[in-house]
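Below is one structure, written out as structure tokens, with a few remarks after it.
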Amino acid sequence: EADIYQTPRYLVIGTGKKITLECSQTMGHDKMYWYQQDPGMELHLIHYSYGVNSTEKGDLSSESTVSRIRTEHFPLTLESARPSHTSQYLCASRMTGYQETQYFGPGTRLLVL
Amino acid sequence: QKEVEQNSGPLSVPEGAIASLNCTYSDRGSQSFFWYRQYSGKSPELIMFIYSNGDKEDGRFTAQLNKASQYVSLLIRDSQPSDSATYLCAANAGGTSYGKLTFGQGTILTVHP
């Protein structure tokens, strides 16, 4: 079973607020990812990291930023939330090497009013 | 052409039947392939992975891989209503994108009693 956690699970916030979505994993995985998914729609990769101090933008342009100061922690920040940021944000991790199975966290549902 | 393409669906099968989900991929550098199940409003959960040509069985699930045809499939035997979900096919990207999974758009499966 995957040990990957996201907080908060649900967030309702007003336009212009700064928010940070937390993601932590206890499996020692080196690779971590953030995806954005609207209801009934495809997964879109917005950020990924191959290790500490390594971050890259994903396939879908996003106004969010990420950091990777510790292996287990990969937070995502929106400096000024807008209604267009309303979505589900999924964090995932995997370990370099054999099979490289990727596990997802439970997700954060964000609603920006 | 999408890098990972799944049969469009939605797919509806009666309880007890075999559900067949198909996926093609364009990146010949892809080495491993994954099937995820995603219930509405939840995060994707891994069902199976496969990286060798042929079949791989796990309980009611069988994954099939044909690298020459760039084709991956998932068979679900004795389908149950609890199998009703969106099924995501993913390929481990090759080349310079190594380390990222490319997801298909998903196939919605409904198993009716």
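Ligands are numbered from 1 in the order shown, residues from 1 within each chain, and chains are lettered A, B, ... in the order they appear in the structure tokens.
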Pull out every residue of chain A that has at least one atom within 10 Å of chain B, counting only C-alpha atoms, and report them as a ChimeraX atom specification.
/A:2,31-33,37-45,48-50,58-59,88-92,94-97,99-109
Write out as a PyMOL selection string all residues of region 14-99 of chain A that backbone DSSP assigns to strand (DSSP E or B).
chain A and resi 19-25+31-37+44-51+54-57+65-66+70+73+76-78+87-94
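Between CA of Glu15 (chain B) and CA of Val111 (chain B) lies a distance of 5.7 Å.
Proximity to Ser87 (chain A) was assessed for A:Thr55, A:Leu110, A:Leu11, A:Lys18 counting only C-alpha atoms; the smallest distance is recorded for A:Leu110.
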List the neighbours of Glu22 (chain A) out to 6 Å using only C-alpha atoms; skip same-chain residues closer than 6 positions along the sequence, and give me the result as a PyMOL selection string.
chain A and resi 6-7+75
Find the spatial neighbours of Gly28 (chain A), counting only C-alpha atoms, within a cut-off of 7 Å - ignore same-chain residues fewer than 2 positions away - and output them as a list in words.
Thr26, Asp30, Thr71 and Glu72 of chain A
Set the distance at 12 Å and use only C-alpha atoms: which residues neighbour Val12 (chain A) once local chain neighbours fewer than 3 positions away are removed? I'd like the list as a list of chain:residue names.
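Non-adjacent residues within range: A:Pro8, A:Arg9, A:Thr15, A:Lys17, A:Ile19, A:Ala81, A:Arg82, A:Pro83, A:His85, A:Thr86, A:Ser87, A:Gln88, A:Thr108, A:Arg109, A:Leu110, A:Leu111, A:Val112, A:Leu113.
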Same residues, N, CA and C atoms, output as a compact mmCIF listing (two decimals), in the first residue's frame:
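The resulting file, again_9.txt, is shown below:
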# COMPACT_ATOMS: atom_id res chain seq x y z
N PRO A 8 -4.63 20.12 2.34
CA PRO A 8 -5.90 19.59 2.83
C PRO A 8 -6.55 18.70 1.78
N ARG A 9 -7.56 17.95 2.15
CA ARG A 9 -8.28 17.14 1.17
C ARG A 9 -9.27 18.00 0.39
N THR A 15 -10.79 34.42 -4.02
CA THR A 15 -9.86 34.90 -5.05
C THR A 15 -8.77 35.78 -4.43
N LYS A 17 -6.17 34.83 -2.66
CA LYS A 17 -5.46 34.25 -1.51
C LYS A 17 -4.28 33.39 -1.98
N ILE A 19 -2.20 30.02 -1.45
CA ILE A 19 -2.45 28.69 -0.89
C ILE A 19 -1.27 27.77 -1.15
N ALA A 81 -4.79 32.85 -5.81
CA ALA A 81 -5.76 31.91 -6.37
C ALA A 81 -6.83 32.63 -7.19
N ARG A 82 -7.24 31.96 -8.26
CA ARG A 82 -8.31 32.48 -9.12
C ARG A 82 -9.32 31.38 -9.36
N PRO A 83 -10.55 31.74 -9.74
CA PRO A 83 -11.57 30.69 -10.01
C PRO A 83 -11.11 29.68 -11.05
N HIS A 85 -8.42 28.26 -11.19
CA HIS A 85 -7.59 27.25 -10.53
C HIS A 85 -8.42 26.16 -9.87
N THR A 86 -9.73 26.32 -9.88
CA THR A 86 -10.61 25.31 -9.30
C THR A 86 -10.42 23.99 -10.04
N SER A 87 -10.06 22.95 -9.29
CA SER A 87 -9.75 21.67 -9.90
C SER A 87 -9.41 20.67 -8.79
N GLN A 88 -9.09 19.43 -9.21
CA GLN A 88 -8.52 18.47 -8.28
C GLN A 88 -7.03 18.37 -8.57
N THR A 108 -6.35 16.70 -3.59
CA THR A 108 -6.92 17.89 -2.94
C THR A 108 -7.91 18.51 -3.91
N ARG A 109 -9.14 18.66 -3.44
CA ARG A 109 -10.16 19.34 -4.25
C ARG A 109 -10.17 20.82 -3.87
N LEU A 110 -9.86 21.67 -4.84
CA LEU A 110 -9.75 23.10 -4.61
C LEU A 110 -10.89 23.82 -5.29
N LEU A 111 -11.56 24.68 -4.53
CA LEU A 111 -12.61 25.54 -5.08
C LEU A 111 -12.25 26.98 -4.75
N VAL A 112 -12.08 27.77 -5.79
CA VAL A 112 -11.74 29.18 -5.61
C VAL A 112 -12.97 30.01 -5.98
N LEU A 113 -13.44 30.78 -5.03
CA LEU A 113 -14.67 31.57 -5.25
C LEU A 113 -14.37 32.95 -5.79
Residue neighbourhood Asp55 (chain B), 8 Å, only C-alpha atoms, exclusion window fewer than 2 positions, as a list in words
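Selected residues are Asn53, Glu57, Thr62, Ala63, Gln64 and Leu65 of chain B.
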Long-range neighbours of Phe61 (chain B) as a list of chain:residue names, 8 Å cut-off, only C-alpha atoms, 5 positions minimum in chain
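After dropping sequence-adjacent residues, the list is B:Leu74, B:Leu75, B:Ile76, B:Arg77.
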